[in-house]
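Asker: What follows is upload-v4.pdb, PDB, C-alpha atoms and all ligand atoms.
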```pdb
ATOM      1  CA  THR A  60     161.344  45.526 123.525
ATOM      2  CA  ALA A  61     165.000  44.521 123.395
ATOM      3  CA  LEU A  62     165.069  44.028 127.169
ATOM      4  CA  GLU A  63     162.021  41.763 126.980
ATOM      5  CA  SER A  64     163.622  39.586 124.274
ATOM      6  CA  PHE A  65     166.813  39.395 126.326
ATOM      7  CA  VAL A  66     164.891  38.283 129.420
ATOM      8  CA  ARG A  67     162.881  35.682 127.471
ATOM      9  CA  GLY A  68     166.020  34.189 125.960
ATOM     10  CA  LEU A  69     167.991  33.814 129.198
ATOM     11  CA  PRO A  70     168.496  30.185 130.272
ATOM     12  CA  LYS A  71     166.850  29.720 133.664
ATOM     13  CA  ALA A  72     166.149  27.231 136.429
ATOM     14  CA  GLU A  73     162.689  27.058 137.979
ATOM     15  CA  LEU A  74     162.781  26.139 141.674
ATOM     16  CA  HIS A  75     159.258  26.880 142.916
ATOM     17  CA  ILE A  76     156.598  25.172 140.852
ATOM     18  CA  HIS A  77     153.843  23.002 142.355
ATOM     19  CA  ILE A  78     153.222  20.508 139.589
ATOM     20  CA  GLU A  79     149.547  20.238 140.593
ATOM     21  CA  GLY A  80     149.409  24.019 140.100
ATOM     22  CA  SER A  81     150.339  23.607 136.440
ATOM     23  CA  LEU A  82     147.080  21.780 135.714
ATOM     24  CA  GLU A  83     145.299  24.018 133.198
ATOM     25  CA  PRO A  84     141.451  24.099 133.204
ATOM     26  CA  GLU A  85     141.398  22.446 129.753
ATOM     27  CA  LEU A  86     143.425  19.492 131.077
ATOM     28  CA  ILE A  87     141.288  19.319 134.243
ATOM     29  CA  PHE A  88     138.207  18.848 132.045
ATOM     30  CA  GLN A  89     139.984  16.374 129.770
ATOM     31  CA  LEU A  90     141.134  14.230 132.723
ATOM     32  CA  ALA A  91     137.714  14.459 134.401
ATOM     33  CA  LYS A  92     136.136  13.099 131.226
ATOM     34  CA  ARG A  93     138.756  10.347 130.854
ATOM     35  CA  ASN A  94     138.213   9.279 134.473
ATOM     36  CA  GLY A  95     134.411   9.600 134.558
ATOM     37  CA  ILE A  96     134.476  12.398 137.148
ATOM     38  CA  THR A  97     131.782  15.100 137.240
ATOM     39  CA  LEU A  98     133.138  18.552 138.079
ATOM     40  CA  SER A  99     131.112  21.149 139.955
ATOM     41  CA  TYR A 100     131.806  23.686 137.168
ATOM     42  CA  PRO A 101     129.897  23.367 133.869
ATOM     43  CA  SER A 102     132.720  24.530 131.589
ATOM     44  CA  VAL A 103     136.387  25.482 131.241
ATOM     45  CA  GLU A 104     135.311  29.144 131.192
ATOM     46  CA  ALA A 105     133.246  28.789 134.384
ATOM     47  CA  LEU A 106     136.173  27.114 136.144
ATOM     48  CA  ARG A 107     138.637  29.764 135.013
ATOM     49  CA  ALA A 108     136.206  32.476 136.129
ATOM     50  CA  ALA A 109     136.379  31.038 139.665
ATOM     51  CA  TYR A 110     140.109  31.877 139.800
ATOM     52  CA  ALA A 111     139.586  35.116 141.720
ATOM     53  CA  PHE A 112     141.439  34.789 145.004
ATOM     54  CA  THR A 113     141.539  36.934 148.124
ATOM     55  CA  ASP A 114     144.290  35.113 150.011
ATOM     56  CA  LEU A 115     146.224  31.819 150.098
ATOM     57  CA  GLN A 116     143.362  29.737 151.546
ATOM     58  CA  SER A 117     140.854  30.860 148.909
ATOM     59  CA  PHE A 118     143.293  29.558 146.290
ATOM     60  CA  LEU A 119     144.116  26.298 148.097
ATOM     61  CA  ASP A 120     140.430  25.290 148.243
ATOM     62  CA  ILE A 121     140.093  25.398 144.444
ATOM     63  CA  TYR A 122     143.610  24.006 143.848
ATOM     64  CA  TYR A 123     142.870  20.839 145.841
ATOM     65  CA  ALA A 124     139.522  20.466 144.013
ATOM     66  CA  GLY A 125     141.324  20.702 140.650
ATOM     67  CA  ALA A 126     143.829  18.018 141.650
ATOM     68  CA  SER A 127     141.013  15.539 142.321
ATOM     69  CA  VAL A 128     140.846  14.604 138.605
ATOM     70  CA  LEU A 129     144.326  13.004 138.807
ATOM     71  CA  ILE A 130     143.813   9.240 139.110
ATOM     72  CA  THR A 131     146.209   7.212 136.937
ATOM     73  CA  GLU A 132     149.969   7.242 136.375
ATOM     74  CA  GLN A 133     149.245   8.545 132.869
ATOM     75  CA  ASP A 134     147.374  11.534 134.366
ATOM     76  CA  PHE A 135     150.459  12.556 136.360
ATOM     77  CA  TYR A 136     152.637  12.011 133.287
ATOM     78  CA  ASP A 137     150.383  14.156 131.078
ATOM     79  CA  MET A 138     150.256  16.953 133.654
ATOM     80  CA  ALA A 139     154.031  17.047 134.062
ATOM     81  CA  MET A 140     154.724  16.849 130.309
ATOM     82  CA  ALA A 141     152.409  19.798 129.679
ATOM     83  CA  TYR A 142     154.433  21.766 132.243
ATOM     84  CA  PHE A 143     157.807  20.701 130.810
ATOM     85  CA  ARG A 144     156.752  21.843 127.308
ATOM     86  CA  ARG A 145     155.762  25.270 128.656
ATOM     87  CA  ALA A 146     158.973  25.465 130.664
ATOM     88  CA  ALA A 147     161.158  24.587 127.682
ATOM     89  CA  ALA A 148     159.429  27.290 125.621
ATOM     90  CA  ASP A 149     160.457  29.791 128.343
ATOM     91  CA  GLN A 150     164.136  28.701 128.274
ATOM     92  CA  VAL A 151     163.794  26.840 131.567
ATOM     93  CA  ILE A 152     166.570  24.255 131.227
ATOM     94  CA  HIS A 153     166.255  22.835 134.765
ATOM     95  CA  ALA A 154     163.202  22.554 137.032
ATOM     96  CA  GLU A 155     162.769  21.358 140.622
ATOM     97  CA  LEU A 156     159.139  20.300 140.971
ATOM     98  CA  PHE A 157     157.111  20.258 144.158
ATOM     99  CA  PHE A 158     154.470  17.584 144.442
ATOM    100  CA  ASP A 159     151.914  17.040 147.225
ATOM    101  CA  PRO A 160     151.509  13.263 147.783
ATOM    102  CA  GLN A 161     148.978  13.695 150.581
ATOM    103  CA  THR A 162     146.527  15.421 148.216
ATOM    104  CA  HIS A 163     146.424  12.121 146.315
ATOM    105  CA  THR A 164     147.028   9.431 148.951
ATOM    106  CA  GLU A 165     144.115  10.880 150.975
ATOM    107  CA  ARG A 166     141.908  10.018 147.968
ATOM    108  CA  GLY A 167     143.217   6.459 147.780
ATOM    109  CA  ILE A 168     145.820   7.020 145.050
ATOM    110  CA  ALA A 169     149.058   5.124 145.748
ATOM    111  CA  ILE A 170     152.168   7.298 146.133
ATOM    112  CA  GLY A 171     153.881   5.071 143.535
ATOM    113  CA  THR A 172     151.249   6.041 140.947
ATOM    114  CA  VAL A 173     152.108   9.702 141.531
ATOM    115  CA  ILE A 174     155.887   9.298 141.567
ATOM    116  CA  ASN A 175     156.107   6.834 138.656
ATOM    117  CA  GLY A 176     154.069   9.136 136.423
ATOM    118  CA  LEU A 177     156.262  12.116 137.299
ATOM    119  CA  VAL A 178     159.500  10.141 136.887
ATOM    120  CA  ARG A 179     158.425   8.923 133.439
ATOM    121  CA  ALA A 180     157.716  12.543 132.445
ATOM    122  CA  GLN A 181     161.135  13.619 133.771
ATOM    123  CA  ALA A 182     162.825  11.089 131.487
ATOM    124  CA  ALA A 183     160.771  12.216 128.474
ATOM    125  CA  ALA A 184     161.456  15.892 129.245
ATOM    126  CA  LYS A 185     165.183  15.233 129.300
ATOM    127  CA  ALA A 186     165.141  13.133 126.112
ATOM    128  CA  GLU A 187     162.704  15.215 124.064
ATOM    129  CA  LEU A 188     163.166  18.755 125.413
ATOM    130  CA  GLY A 189     166.626  18.744 127.014
ATOM    131  CA  VAL A 190     165.095  19.857 130.339
ATOM    132  CA  THR A 191     166.618  18.317 133.471
ATOM    133  CA  SER A 192     164.586  18.132 136.670
ATOM    134  CA  ALA A 193     164.274  16.944 140.242
ATOM    135  CA  LEU A 194     161.359  16.137 142.564
ATOM    136  CA  ILE A 195     160.702  17.700 145.969
ATOM    137  CA  LEU A 196     158.106  15.969 148.148
ATOM    138  CA  CYS A 197     156.040  18.543 150.055
ATOM    139  CA  PHE A 198     154.238  17.880 153.325
ATOM    140  CA  LEU A 199     150.884  19.606 153.738
ATOM    141  CA  ARG A 200     151.307  21.760 156.851
ATOM    142  CA  HIS A 201     147.570  21.873 157.687
ATOM    143  CA  LEU A 202     147.828  18.113 158.389
ATOM    144  CA  SER A 203     149.627  16.586 161.384
ATOM    145  CA  GLU A 204     153.297  15.742 161.735
ATOM    146  CA  ASP A 205     152.249  12.079 162.186
ATOM    147  CA  ASP A 206     150.641  12.254 158.765
ATOM    148  CA  ALA A 207     153.876  13.691 157.346
ATOM    149  CA  PHE A 208     155.855  10.819 158.924
ATOM    150  CA  LYS A 209     153.465   8.328 157.319
ATOM    151  CA  THR A 210     153.961   9.999 153.935
ATOM    152  CA  LEU A 211     157.754   9.945 154.289
ATOM    153  CA  ALA A 212     157.591   6.211 155.117
ATOM    154  CA  GLU A 213     155.443   5.557 152.019
ATOM    155  CA  ALA A 214     158.012   7.467 149.934
ATOM    156  CA  GLU A 215     161.014   5.477 151.192
ATOM    157  CA  PRO A 216     160.955   2.895 148.348
ATOM    158  CA  PHE A 217     161.166   5.830 145.889
ATOM    159  CA  LEU A 218     163.863   7.891 147.607
ATOM    160  CA  GLN A 219     166.247   7.615 144.643
ATOM    161  CA  HIS A 220     163.744   9.735 142.697
ATOM    162  CA  ILE A 221     163.442  12.491 145.318
ATOM    163  CA  VAL A 222     165.996  15.249 145.971
ATOM    164  CA  GLY A 223     164.348  16.827 148.982
ATOM    165  CA  VAL A 224     161.323  17.619 151.112
ATOM    166  CA  GLY A 225     159.303  20.811 151.338
ATOM    167  CA  LEU A 226     156.436  22.268 153.331
ATOM    168  CA  ASP A 227     153.384  23.914 151.772
ATOM    169  CA  SER A 228     149.630  24.611 152.135
ATOM    170  CA  SER A 229     148.035  26.897 154.779
ATOM    171  CA  GLU A 230     150.896  28.791 156.426
ATOM    172  CA  VAL A 231     149.474  30.922 159.240
ATOM    173  CA  GLY A 232     148.828  28.801 162.345
ATOM    174  CA  HIS A 233     151.139  26.018 161.130
ATOM    175  CA  PRO A 234     154.684  27.139 161.984
ATOM    176  CA  PRO A 235     157.798  25.218 160.894
ATOM    177  CA  GLU A 236     158.359  23.939 164.464
ATOM    178  CA  LYS A 237     155.335  21.636 164.023
ATOM    179  CA  PHE A 238     157.462  19.596 161.542
ATOM    180  CA  ALA A 239     160.861  19.644 163.297
ATOM    181  CA  ARG A 240     161.065  15.860 163.813
ATOM    182  CA  VAL A 241     159.944  14.780 160.348
ATOM    183  CA  PHE A 242     162.381  17.204 158.714
ATOM    184  CA  ALA A 243     165.183  15.820 160.914
ATOM    185  CA  LYS A 244     164.245  12.323 159.718
ATOM    186  CA  ALA A 245     164.211  13.434 156.071
ATOM    187  CA  ARG A 246     167.639  15.072 156.427
ATOM    188  CA  ALA A 247     168.973  11.897 158.076
ATOM    189  CA  LEU A 248     167.776   9.990 154.983
ATOM    190  CA  GLY A 249     169.988  12.268 152.875
ATOM    191  CA  LEU A 250     167.258  14.532 151.546
ATOM    192  CA  ARG A 251     167.585  18.298 151.081
ATOM    193  CA  ALA A 252     165.058  20.551 152.774
ATOM    194  CA  VAL A 253     163.113  23.635 151.744
ATOM    195  CA  ALA A 254     159.977  25.225 153.226
ATOM    196  CA  HIS A 255     157.384  27.828 152.358
ATOM    197  CA  ALA A 256     157.818  30.602 154.933
ATOM    198  CA  GLY A 257     157.017  34.291 155.036
ATOM    199  CA  GLU A 258     154.482  34.215 152.201
ATOM    200  CA  GLU A 259     151.634  35.354 154.483
ATOM    201  CA  GLY A 260     153.287  34.271 157.739
ATOM    202  CA  PRO A 261     155.609  36.412 159.887
ATOM    203  CA  PRO A 262     159.430  36.631 159.841
ATOM    204  CA  ALA A 263     159.406  34.264 162.858
ATOM    205  CA  TYR A 264     158.365  31.462 160.471
ATOM    206  CA  VAL A 265     161.413  32.178 158.285
ATOM    207  CA  TRP A 266     163.659  31.990 161.365
ATOM    208  CA  GLY A 267     161.971  28.681 162.240
ATOM    209  CA  ALA A 268     162.529  27.272 158.761
ATOM    210  CA  LEU A 269     166.224  28.219 158.971
ATOM    211  CA  ASP A 270     167.067  27.257 162.548
ATOM    212  CA  VAL A 271     164.621  24.416 163.270
ATOM    213  CA  LEU A 272     164.053  22.784 159.863
ATOM    214  CA  HIS A 273     167.590  23.644 158.619
ATOM    215  CA  VAL A 274     166.357  24.378 155.101
ATOM    216  CA  GLN A 275     168.620  25.174 152.153
ATOM    217  CA  ARG A 276     166.116  27.541 150.540
ATOM    218  CA  ILE A 277     163.121  29.585 151.676
ATOM    219  CA  ASP A 278     160.072  29.445 149.415
ATOM    220  CA  HIS A 279     158.567  32.954 149.097
ATOM    221  CA  GLY A 280     160.169  34.619 152.160
ATOM    222  CA  VAL A 281     158.985  38.074 151.105
ATOM    223  CA  GLN A 282     157.879  38.969 154.663
ATOM    224  CA  SER A 283     161.552  38.780 155.738
ATOM    225  CA  ILE A 284     161.884  42.436 154.796
ATOM    226  CA  ARG A 285     160.047  43.341 158.040
ATOM    227  CA  ASP A 286     162.992  42.020 160.140
ATOM    228  CA  GLU A 287     166.350  43.685 159.562
ATOM    229  CA  GLN A 288     168.317  41.059 161.501
ATOM    230  CA  LEU A 289     166.743  38.353 159.351
ATOM    231  CA  MET A 290     167.574  40.292 156.180
ATOM    232  CA  GLN A 291     171.208  40.452 157.278
ATOM    233  CA  ARG A 292     171.205  36.698 157.902
ATOM    234  CA  LEU A 293     169.803  36.005 154.407
ATOM    235  CA  ILE A 294     172.358  38.308 152.788
ATOM    236  CA  ASP A 295     175.357  37.034 154.784
ATOM    237  CA  THR A 296     174.584  33.362 154.106
ATOM    238  CA  ARG A 297     173.355  33.783 150.475
ATOM    239  CA  MET A 298     170.200  31.962 151.574
ATOM    240  CA  PRO A 299     168.033  31.686 148.447
ATOM    241  CA  LEU A 300     164.447  32.922 148.355
ATOM    242  CA  THR A 301     162.262  31.386 145.642
ATOM    243  CA  VAL A 302     160.011  34.361 144.982
ATOM    244  CA  CYS A 303     156.806  34.110 142.913
ATOM    245  CA  PRO A 304     155.773  37.634 141.889
ATOM    246  CA  LEU A 305     152.537  36.949 139.960
ATOM    247  CA  SER A 306     151.416  34.539 142.708
ATOM    248  CA  ASN A 307     151.966  37.240 145.342
ATOM    249  CA  VAL A 308     149.733  39.639 143.417
ATOM    250  CA  LYS A 309     147.000  37.030 142.726
ATOM    251  CA  LEU A 310     146.909  36.055 146.418
ATOM    252  CA  CYS A 311     146.855  39.708 147.482
ATOM    253  CA  VAL A 312     150.217  39.734 149.278
ATOM    254  CA  TYR A 313     150.856  42.856 147.142
ATOM    255  CA  LYS A 314     148.165  44.956 145.512
ATOM    256  CA  HIS A 315     150.306  45.757 142.462
ATOM    257  CA  LEU A 316     153.390  44.116 141.027
ATOM    258  CA  ALA A 317     155.094  47.525 141.256
ATOM    259  CA  ASP A 318     154.773  47.261 145.081
ATOM    260  CA  HIS A 319     156.815  44.032 145.197
ATOM    261  CA  ASN A 320     160.041  44.037 147.236
ATOM    262  CA  LEU A 321     162.003  41.735 144.889
ATOM    263  CA  GLY A 322     163.969  44.645 143.414
ATOM    264  CA  GLN A 323     164.978  45.925 146.856
ATOM    265  CA  MET A 324     165.975  42.427 147.969
ATOM    266  CA  LEU A 325     168.058  41.918 144.837
ATOM    267  CA  ALA A 326     169.787  45.294 145.250
ATOM    268  CA  ARG A 327     170.688  44.406 148.836
ATOM    269  CA  GLY A 328     172.372  41.170 147.767
ATOM    270  CA  VAL A 329     169.724  38.634 148.748
ATOM    271  CA  CYS A 330     169.844  35.532 146.523
ATOM    272  CA  VAL A 331     166.321  36.039 145.147
ATOM    273  CA  THR A 332     164.985  33.960 142.252
ATOM    274  CA  ILE A 333     161.852  34.295 140.100
ATOM    275  CA  ASN A 334     159.385  31.402 139.813
ATOM    276  CA  SER A 335     155.794  30.706 138.760
ATOM    277  CA  ASP A 336     154.409  28.797 141.829
ATOM    278  CA  ASP A 337     151.061  27.644 140.346
ATOM    279  CA  PRO A 338     151.135  28.983 136.790
ATOM    280  CA  ALA A 339     147.767  27.594 135.669
ATOM    281  CA  TYR A 340     146.079  29.539 138.479
ATOM    282  CA  PHE A 341     148.173  32.694 138.713
ATOM    283  CA  GLY A 342     148.236  33.831 135.105
ATOM    284  CA  GLY A 343     151.699  33.041 133.865
ATOM    285  CA  TYR A 344     154.611  30.698 133.468
ATOM    286  CA  MET A 345     158.275  31.549 133.983
ATOM    287  CA  ASN A 346     158.813  34.158 131.268
ATOM    288  CA  GLN A 347     155.616  36.009 132.092
ATOM    289  CA  ASN A 348     156.802  36.269 135.702
ATOM    290  CA  PHE A 349     160.256  37.411 134.576
ATOM    291  CA  VAL A 350     159.135  39.940 131.975
ATOM    292  CA  GLU A 351     156.304  41.479 134.010
ATOM    293  CA  THR A 352     158.534  41.777 137.091
ATOM    294  CA  VAL A 353     161.457  43.316 135.204
ATOM    295  CA  MET A 354     159.107  45.878 133.639
ATOM    296  CA  ALA A 355     157.070  46.701 136.776
ATOM    297  CA  LEU A 356     160.175  47.150 138.957
ATOM    298  CA  ASN A 357     162.311  48.854 136.285
ATOM    299  CA  LEU A 358     165.013  46.206 136.522
ATOM    300  CA  THR A 359     167.958  46.171 134.109
ATOM    301  CA  ALA A 360     169.419  43.495 131.841
ATOM    302  CA  ALA A 361     172.162  43.036 134.454
ATOM    303  CA  ASP A 362     169.490  42.479 137.140
ATOM    304  CA  ALA A 363     167.769  39.886 134.942
ATOM    305  CA  ARG A 364     171.078  38.143 134.335
ATOM    306  CA  GLN A 365     171.703  38.086 138.104
ATOM    307  CA  LEU A 366     168.241  36.609 138.750
ATOM    308  CA  ALA A 367     168.919  33.824 136.241
ATOM    309  CA  ALA A 368     172.382  33.204 137.744
ATOM    310  CA  ASN A 369     170.793  33.054 141.219
ATOM    311  CA  SER A 370     168.402  30.345 139.994
ATOM    312  CA  PHE A 371     171.323  28.064 139.144
ATOM    313  CA  GLU A 372     173.261  28.995 142.296
ATOM    314  CA  ALA A 373     170.197  28.081 144.389
ATOM    315  CA  SER A 374     169.441  24.824 142.551
ATOM    316  CA  PHE A 375     170.252  21.335 143.807
ATOM    317  CA  VAL A 376     172.229  20.346 140.708
ATOM    318  CA  ASP A 377     175.818  19.416 141.492
ATOM    319  CA  ALA A 378     178.608  21.929 140.930
ATOM    320  CA  ASP A 379     179.864  20.499 137.603
ATOM    321  CA  ALA A 380     176.424  20.349 135.988
ATOM    322  CA  ARG A 381     175.652  23.809 137.345
ATOM    323  CA  ALA A 382     178.814  25.289 135.804
ATOM    324  CA  ALA A 383     177.744  23.825 132.441
ATOM    325  CA  MET A 384     174.264  25.402 132.726
ATOM    326  CA  MET A 385     175.513  28.882 133.644
TER
HETATM  327  N1  LIG B 401     151.711  28.511 149.227
HETATM  328  C1  LIG B 401     151.417  27.482 150.013
HETATM  329  N2  LIG B 401     150.990  26.324 149.548
HETATM  330  C2  LIG B 401     150.861  26.172 148.232
HETATM  331  C3  LIG B 401     151.167  27.201 147.360
HETATM  332  C4  LIG B 401     151.626  28.432 147.895
HETATM  333  O1  LIG B 401     151.921  29.421 147.198
HETATM  334  N3  LIG B 401     150.924  26.736 146.124
HETATM  335  C5  LIG B 401     150.526  25.454 146.237
HETATM  336  N4  LIG B 401     150.484  25.111 147.515
HETATM  337 ZN    ZN B 402     154.382  27.651 146.492
END
```
Would you mind writing the structure in this file as structure tokens?
Ligand code: HPA
Ligand code: ZN

Answerer:
Amino acid sequence: TALESFVRGLPKAELHIHIEGSLEPELIFQLAKRNGITLSYPSVEALRAAYAFTDLQSFLDIYYAGASVLITEQDFYDMAMAYFRRAAADQVIHAELFFDPQTHTERGIAIGTVINGLVRAQAAAKAELGVTSALILCFLRHLSEDDAFKTLAEAEPFLQHIVGVGLDSSEVGHPPEKFARVFAKARALGLRAVAHAGEEGPPAYVWGALDVLHVQRIDHGVQSIRDEQLMQRLIDTRMPLTVCPLSNVKLCVYKHLADHNLGQMLARGVCVTINSDDPAYFGGYMNQNFVETVMALNLTAADARQLAANSFEASFVDADARAAMM
């Protein structure tokens, strides 16, 4: 349709993409072979067939297993370049990538191996595809705050490559308050802050991310709709939510895409954005998320334009560069 072509062609920023979640089954098998690793699935098809999730944790278990094939700097480069090519094809002109150092350092991979591979891919993406990008270091919230402090210390020699910190993994039972001190340290180092909150967790976790972690964006945040005072806060402050519609359906936050609250949030003036989260696992990159959401929620071309504008407004690019992108 004409609306679909319009949506596909809009320049966009992607702000919620876990780079380890862009690892396609084909690349998992290729890297396993290159690194002499035996996978517990016999084939690409068998692995893909296991991507049937009931909630966040059921996904995380298989996501961390998939990431175990990443060993060398070249592996991280290849993974990120595959993502950047897909992003460019979807008119993503700027991307802010989450990466999970602890998933790799726990297996004995040096944080420099991870970051150097990603940084080399960022340079190639800019030169070859015209895609600009930034890196956001995420702490795994199922691990301790001490562990997060250790990770931040290991990252300090690479701080010029990192725009901010985030918080991901198992949400319920691991509230933002658990990471108050390490986020304060990161902010003191000049880093921006974001956090996953209100994906499966309650509105109280969104309040905690705002008032205790002092984040500049909320990742997901869809549960905020259950708290009217919180909704008003998000609207009044133009606090961005990086929403991931296909992810929410795959992880059973919503049964059907048509049930998603993104349209309501947008209509009320919340700065919502559309993102792919873990596209290799959730069945679609940026344009698939955009097109399916616009169709399922009966959004208009003006709504789509607003969503794309929100993605630049919510990004960490400086004002001049942002004006040029919009
Ligand atoms: N939520 C929490 N942690 C994650 C996600 C997510 O959607 N994707 C990768 N790690
Ligand atoms: Zn996420």

Asker: In terms of the shortest atom-to-atom distance over all atoms listed in the file, which of A:Asp318, A:Asp336, A:Asp295, A:Asp270 is closest to ligand LIG 401 (chain B)?

Answerer: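 Nearest candidate to ligand LIG 401 (chain B) out of A:Asp318, A:Asp336, A:Asp295, A:Asp270: A:Asp336.
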
Asker: Tell me, counting all atoms listed in the file, for each residue of chain A within 6 Å of ligand LIG 401 (chain B), which pair of atoms is nearest and how far apart they are in Å to one decimal, in rows ordered by chain and increasing number, as a tab-separated table.

Answerer:
```
residue	atom	partner	partner_atom	distance
A:His77	CA	B:LIG401	C5	5.7
A:Asp227	CA	B:LIG401	N2	4.1
A:Ser228	CA	B:LIG401	N2	3.4
A:Ser229	CA	B:LIG401	C1	5.9
A:Asp336	CA	B:LIG401	N3	5.9
A:Asp337	CA	B:LIG401	N3	5.9
```

Asker: Got time to write the residues from that selection, C-alpha atoms, as a PDB file, keeping the file's coordinate frame?

Answerer:
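Wrote it out as again-v2.pdb, contents follow:
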```pdb
ATOM      1  CA  HIS A  77     153.843  23.002 142.355  1.00  0.00           C
ATOM      2  CA  ASP A 227     153.384  23.914 151.772  1.00  0.00           C
ATOM      3  CA  SER A 228     149.630  24.611 152.135  1.00  0.00           C
ATOM      4  CA  SER A 229     148.035  26.897 154.779  1.00  0.00           C
ATOM      5  CA  ASP A 336     154.409  28.797 141.829  1.00  0.00           C
ATOM      6  CA  ASP A 337     151.061  27.644 140.346  1.00  0.00           C
TER       7      ASP A 337
END
```

Asker: Which residues, named as in the file, does the PyMOL selection byres (((not hetatm)) within 9 of (chain B and resi 402)) pick out? Answer as a CSV table (one decimal) with C-alpha atoms, in the frame of the given file.

Answerer:
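Here's the written file result-v2.csv:
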```csv
chain,number,residue,atom,x,y,z
A,75,HIS,CA,159.3,26.9,142.9
A,76,ILE,CA,156.6,25.2,140.9
A,77,HIS,CA,153.8,23.0,142.4
A,80,GLY,CA,149.4,24.0,140.1
A,157,PHE,CA,157.1,20.3,144.2
A,226,LEU,CA,156.4,22.3,153.3
A,227,ASP,CA,153.4,23.9,151.8
A,228,SER,CA,149.6,24.6,152.1
A,255,HIS,CA,157.4,27.8,152.4
A,258,GLU,CA,154.5,34.2,152.2
A,278,ASP,CA,160.1,29.4,149.4
A,279,HIS,CA,158.6,33.0,149.1
A,301,THR,CA,162.3,31.4,145.6
A,302,VAL,CA,160.0,34.4,145.0
A,303,CYS,CA,156.8,34.1,142.9
A,306,SER,CA,151.4,34.5,142.7
A,335,SER,CA,155.8,30.7,138.8
A,336,ASP,CA,154.4,28.8,141.8
A,337,ASP,CA,151.1,27.6,140.3
```

Asker: Once the PyMOL selection byres (((chain A and resi 221-224) around 7) and not hetatm) is applied to the coordinates I shared, what remains selected? I want it as a PDB file with C-alpha atoms, in the frame of the given file.

Answerer:
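Generated output (expr-v7.pdb):
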```pdb
ATOM      1  CA  ALA A 193     164.274  16.944 140.242  1.00  0.00           C
ATOM      2  CA  LEU A 194     161.359  16.137 142.564  1.00  0.00           C
ATOM      3  CA  ILE A 195     160.702  17.700 145.969  1.00  0.00           C
ATOM      4  CA  LEU A 196     158.106  15.969 148.148  1.00  0.00           C
ATOM      5  CA  CYS A 197     156.040  18.543 150.055  1.00  0.00           C
ATOM      6  CA  LEU A 218     163.863   7.891 147.607  1.00  0.00           C
ATOM      7  CA  GLN A 219     166.247   7.615 144.643  1.00  0.00           C
ATOM      8  CA  HIS A 220     163.744   9.735 142.697  1.00  0.00           C
ATOM      9  CA  GLY A 225     159.303  20.811 151.338  1.00  0.00           C
ATOM     10  CA  LEU A 250     167.258  14.532 151.546  1.00  0.00           C
ATOM     11  CA  ARG A 251     167.585  18.298 151.081  1.00  0.00           C
ATOM     12  CA  ALA A 252     165.058  20.551 152.774  1.00  0.00           C
ATOM     13  CA  VAL A 253     163.113  23.635 151.744  1.00  0.00           C
TER      14      VAL A 253
END
```

Asker: Counting all atoms listed in the file, figure out which residue out of A:Val312, A:Phe242, A:Glu372, A:Leu69 gets nearest to Met298 of chain A.

Answerer: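 Looking at the shortest contact to Met298 of chain A, the residue is A:Glu372.
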
Asker: When distances are computed from all atoms listed in the file, which of A:Met354, A:Leu177, A:Ala339, A:Ala91 shows the smallest separation from Arg107 of chain A?

Answerer: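 Ranked by minimum distance to Arg107 of chain A, first place goes to A:Ala339.
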
Asker: What does the PyMOL selection byres (((chain A and resi 208) around 12) and not hetatm) select in this file, as a list of chain:residue names?

Answerer: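 Written out, the selection comes to A:Gln161, A:Cys197, A:Phe198, A:Leu199, A:Leu202, A:Ser203, A:Glu204, A:Asp205, A:Asp206, A:Ala207, A:Lys209, A:Thr210, A:Leu211, A:Ala212, A:Glu213, A:Ala214, A:Glu215, A:Val224, A:Lys237, A:Phe238, A:Ala239, A:Arg240, A:Val241, A:Phe242, A:Ala243, A:Lys244, A:Ala245.
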
Asker: Quick one: distance from atom CA of Leu106 of chain A to atom CA of Glu351 of chain A in Å, one decimal?

Answerer: 24.8 Å

Asker: Find the residues near Asn94 of chain A: any atom within 8 Å, counting only C-alpha atoms, skip ones fewer than 2 places away on the same chain, and give them as a PyMOL selection string.

Answerer: chain A and resi 90-92+96+128+130

Asker: As number ranges by chain, please: the residues near Ser192 of chain A (cut-off 10 Å, all atoms listed in the file, same-chain neighbours under 6 positions excluded).

Answerer: A: 72-74, 143, 152-156, 178, 180-182, 184-185, 222, 375-376
